[in-house]
Amino acid sequence: KHYLLAHMYQTHYHAPIEHELRAGIRVLDVGTGTGVWLRETAAMFPQSHFYGVDIVMAPSTVESMSRFPNVILGVGDVLDRLPFQDGTFDYVFQRQLVRSIPADRWMHVVSELLRVLKPGGWIELVESDMAPLRCGELTARLFEAVITAMTTRGIDPRVGGKLDKFLHQCGLVNVASDYASAPLNWQGELGGLWRTAIRQMMIAMRPFFASNPAVGSGSVGGMRMTAREFAEFMDRVEEECKNTEAYLNYFWAVGRKPLQGK
């Protein structure tokens, strides 16, 4: 989804730090994953030093970073304690970890990001709201199953719209937030790319739909389908999304750690 988000936002970041990035600062990417954001941003700002952490660092990610002398990778869990001293970084970036962070741990997560941030530094969070808008009956049924599946696991599927609140509650200042809308199978090439991304996510979640009693009951009982039935159902959902021009909102929020004594 990196390229889709970059296309929608028309930027890799929203914190007002371009001058600092060009001059050279320390940046932390939490939940590095494949490392695509880290690679591209490190290439854009070779004077800055980038650190990526995840609970497991895939060999492919490590290999892809080998040609970037300004990138260091490590293992760390933001749900526990990141392996850095207080006040290490000028900018901390975290994106698309909603399925890994329980709803009741978000304040801990933001507090841990704040701990490793220097006074005057910036935090940026990016997450989605999994409730589609302007959608039809089939699309609503599908995403109801997603929301039920996530809620059953203690995950907040609508956390995107709450990011700025977390930053305010942790004492950050100059908080700003906004969102961009992802078209689901309409608006040309971008909508087609989002259609593919959402289908891949739904296929990955289908076993959970079928095995979880809370999902396989009531109005979402239709999620108990064979692979072929589910693929046909997704075809109908995608056509419906095109007709209703359905979309999902992806939120970002930034905030600055107060300077000492302020």
# chains A, B, ... in the order shown; residues from 1 in each chain; ligands from 1

call {"tool": "residues_around", "arguments": {"residues": "A:Leu21", "least_positions_apart": "3", "cutoff": "10 Å", "atoms": "only C-alpha atoms", "output": "PDB file with N, CA and C atoms, in the first residue's frame"}}
result
ATOM      1  N   PRO A  16       6.379  18.805   9.279  1.00  0.00           N
ATOM      2  CA  PRO A  16       7.076  19.925   8.610  1.00  0.00           C
ATOM      3  C   PRO A  16       8.584  19.898   8.887  1.00  0.00           C
ATOM      4  N   ILE A  17       9.257  18.910   8.304  1.00  0.00           N
ATOM      5  CA  ILE A  17      10.659  18.682   8.654  1.00  0.00           C
ATOM      6  C   ILE A  17      11.556  18.538   7.426  1.00  0.00           C
ATOM      7  N   GLU A  18      11.126  19.004   6.272  1.00  0.00           N
ATOM      8  CA  GLU A  18      11.949  18.798   5.075  1.00  0.00           C
ATOM      9  C   GLU A  18      13.322  19.447   5.221  1.00  0.00           C
ATOM     10  N   GLY A  24      20.128  16.824   7.918  1.00  0.00           N
ATOM     11  CA  GLY A  24      20.626  15.618   8.567  1.00  0.00           C
ATOM     12  C   GLY A  24      20.102  15.456   9.983  1.00  0.00           C
ATOM     13  N   ILE A  25      19.157  14.512  10.174  1.00  0.00           N
ATOM     14  CA  ILE A  25      18.596  14.210  11.486  1.00  0.00           C
ATOM     15  C   ILE A  25      18.489  12.696  11.654  1.00  0.00           C
ATOM     16  N   ARG A  26      18.073  12.273  12.847  1.00  0.00           N
ATOM     17  CA  ARG A  26      17.844  10.851  13.117  1.00  0.00           C
ATOM     18  C   ARG A  26      16.356  10.550  13.006  1.00  0.00           C
ATOM     19  N   VAL A  27      16.036   9.534  12.190  1.00  0.00           N
ATOM     20  CA  VAL A  27      14.652   9.168  11.912  1.00  0.00           C
ATOM     21  C   VAL A  27      14.434   7.714  12.310  1.00  0.00           C
ATOM     22  N   THR A  41      12.610   6.978   1.537  1.00  0.00           N
ATOM     23  CA  THR A  41      12.867   8.219   2.263  1.00  0.00           C
ATOM     24  C   THR A  41      14.352   8.388   2.535  1.00  0.00           C
ATOM     25  N   ALA A  42      15.042   7.280   2.835  1.00  0.00           N
ATOM     26  CA  ALA A  42      16.486   7.347   3.039  1.00  0.00           C
ATOM     27  C   ALA A  42      17.201   7.772   1.764  1.00  0.00           C
ATOM     28  N   MET A  44      15.946   9.723  -0.526  1.00  0.00           N
ATOM     29  CA  MET A  44      15.625  11.131  -0.747  1.00  0.00           C
ATOM     30  C   MET A  44      16.483  12.049   0.110  1.00  0.00           C
ATOM     31  N   PHE A  45      16.867  11.547   1.309  1.00  0.00           N
ATOM     32  CA  PHE A  45      17.580  12.401   2.258  1.00  0.00           C
ATOM     33  C   PHE A  45      18.841  11.688   2.758  1.00  0.00           C
ATOM     34  N   PRO A  46      19.876  11.626   1.919  1.00  0.00           N
ATOM     35  CA  PRO A  46      21.081  10.872   2.288  1.00  0.00           C
ATOM     36  C   PRO A  46      21.859  11.466   3.447  1.00  0.00           C
ATOM     37  N   GLN A  47      21.600  12.714   3.815  1.00  0.00           N
ATOM     38  CA  GLN A  47      22.306  13.321   4.947  1.00  0.00           C
ATOM     39  C   GLN A  47      21.723  12.892   6.293  1.00  0.00           C
ATOM     40  N   SER A  48      20.502  12.352   6.275  1.00  0.00           N
ATOM     41  CA  SER A  48      19.860  11.913   7.516  1.00  0.00           C
ATOM     42  C   SER A  48      20.162  10.444   7.775  1.00  0.00           C
ATOM     43  N   HIS A  49      20.043  10.043   9.043  1.00  0.00           N
ATOM     44  CA  HIS A  49      20.286   8.669   9.467  1.00  0.00           C
ATOM     45  C   HIS A  49      18.949   8.026   9.838  1.00  0.00           C
ATOM     46  N   ASP A  90      14.851  12.568  16.118  1.00  0.00           N
ATOM     47  CA  ASP A  90      14.229  13.855  15.785  1.00  0.00           C
ATOM     48  C   ASP A  90      12.850  13.675  15.159  1.00  0.00           C
ATOM     49  N   TYR A  91      12.623  12.495  14.577  1.00  0.00           N
ATOM     50  CA  TYR A  91      11.357  12.236  13.869  1.00  0.00           C
ATOM     51  C   TYR A  91      11.061  10.747  13.972  1.00  0.00           C
TER      52      TYR A  91
END

call {"tool": "select_by_dssp", "arguments": {"residues": "stretch 29-155 of chain A", "states": "strand (DSSP E)", "output": "number ranges by chain"}}
result
A: 29-30, 49-54, 71-75, 89-95, 117-133

call {"tool": "closest_residue", "arguments": {"among": "A:Gly52, A:Pro69, A:Pro119, A:Pro59", "to": "A:Pro258", "atoms": "only C-alpha atoms"}}
result
A:Pro119

call {"tool": "residues_around", "arguments": {"residues": "A:Gly255", "least_positions_apart": "3", "cutoff": "6 Å", "atoms": "only C-alpha atoms", "output": "MDAnalysis selection string"}}
result
chainID A and resid 122:123 172:175

call {"tool": "write_last_selection", "arguments": {"atoms": "N, CA and C atoms", "output": "PDB file, in the first residue's frame"}}
result
ATOM      1  N   TRP A 122       9.266  15.377  16.092  1.00  0.00           N
ATOM      2  CA  TRP A 122       7.918  15.124  15.572  1.00  0.00           C
ATOM      3  C   TRP A 122       7.599  13.640  15.521  1.00  0.00           C
ATOM      4  N   ILE A 123       6.341  13.311  15.826  1.00  0.00           N
ATOM      5  CA  ILE A 123       5.776  11.977  15.625  1.00  0.00           C
ATOM      6  C   ILE A 123       4.757  12.063  14.495  1.00  0.00           C
ATOM      7  N   LEU A 172       1.560  16.139  23.205  1.00  0.00           N
ATOM      8  CA  LEU A 172       2.225  16.750  22.071  1.00  0.00           C
ATOM      9  C   LEU A 172       1.535  18.058  21.692  1.00  0.00           C
ATOM     10  N   VAL A 173       2.281  18.916  21.045  1.00  0.00           N
ATOM     11  CA  VAL A 173       1.761  20.224  20.634  1.00  0.00           C
ATOM     12  C   VAL A 173       1.829  20.329  19.115  1.00  0.00           C
ATOM     13  N   ASN A 174       1.257  21.410  18.590  1.00  0.00           N
ATOM     14  CA  ASN A 174       1.225  21.623  17.134  1.00  0.00           C
ATOM     15  C   ASN A 174       0.659  20.408  16.405  1.00  0.00           C
ATOM     16  N   VAL A 175      -0.359  19.784  17.013  1.00  0.00           N
ATOM     17  CA  VAL A 175      -0.961  18.587  16.426  1.00  0.00           C
ATOM     18  C   VAL A 175      -1.783  18.984  15.204  1.00  0.00           C
TER      19      VAL A 175
END

call {"tool": "atom_distance", "arguments": {"atom1": "atom CA of A:Cys241", "atom2": "atom CA of A:Leu184"}}
result
5.9 Å
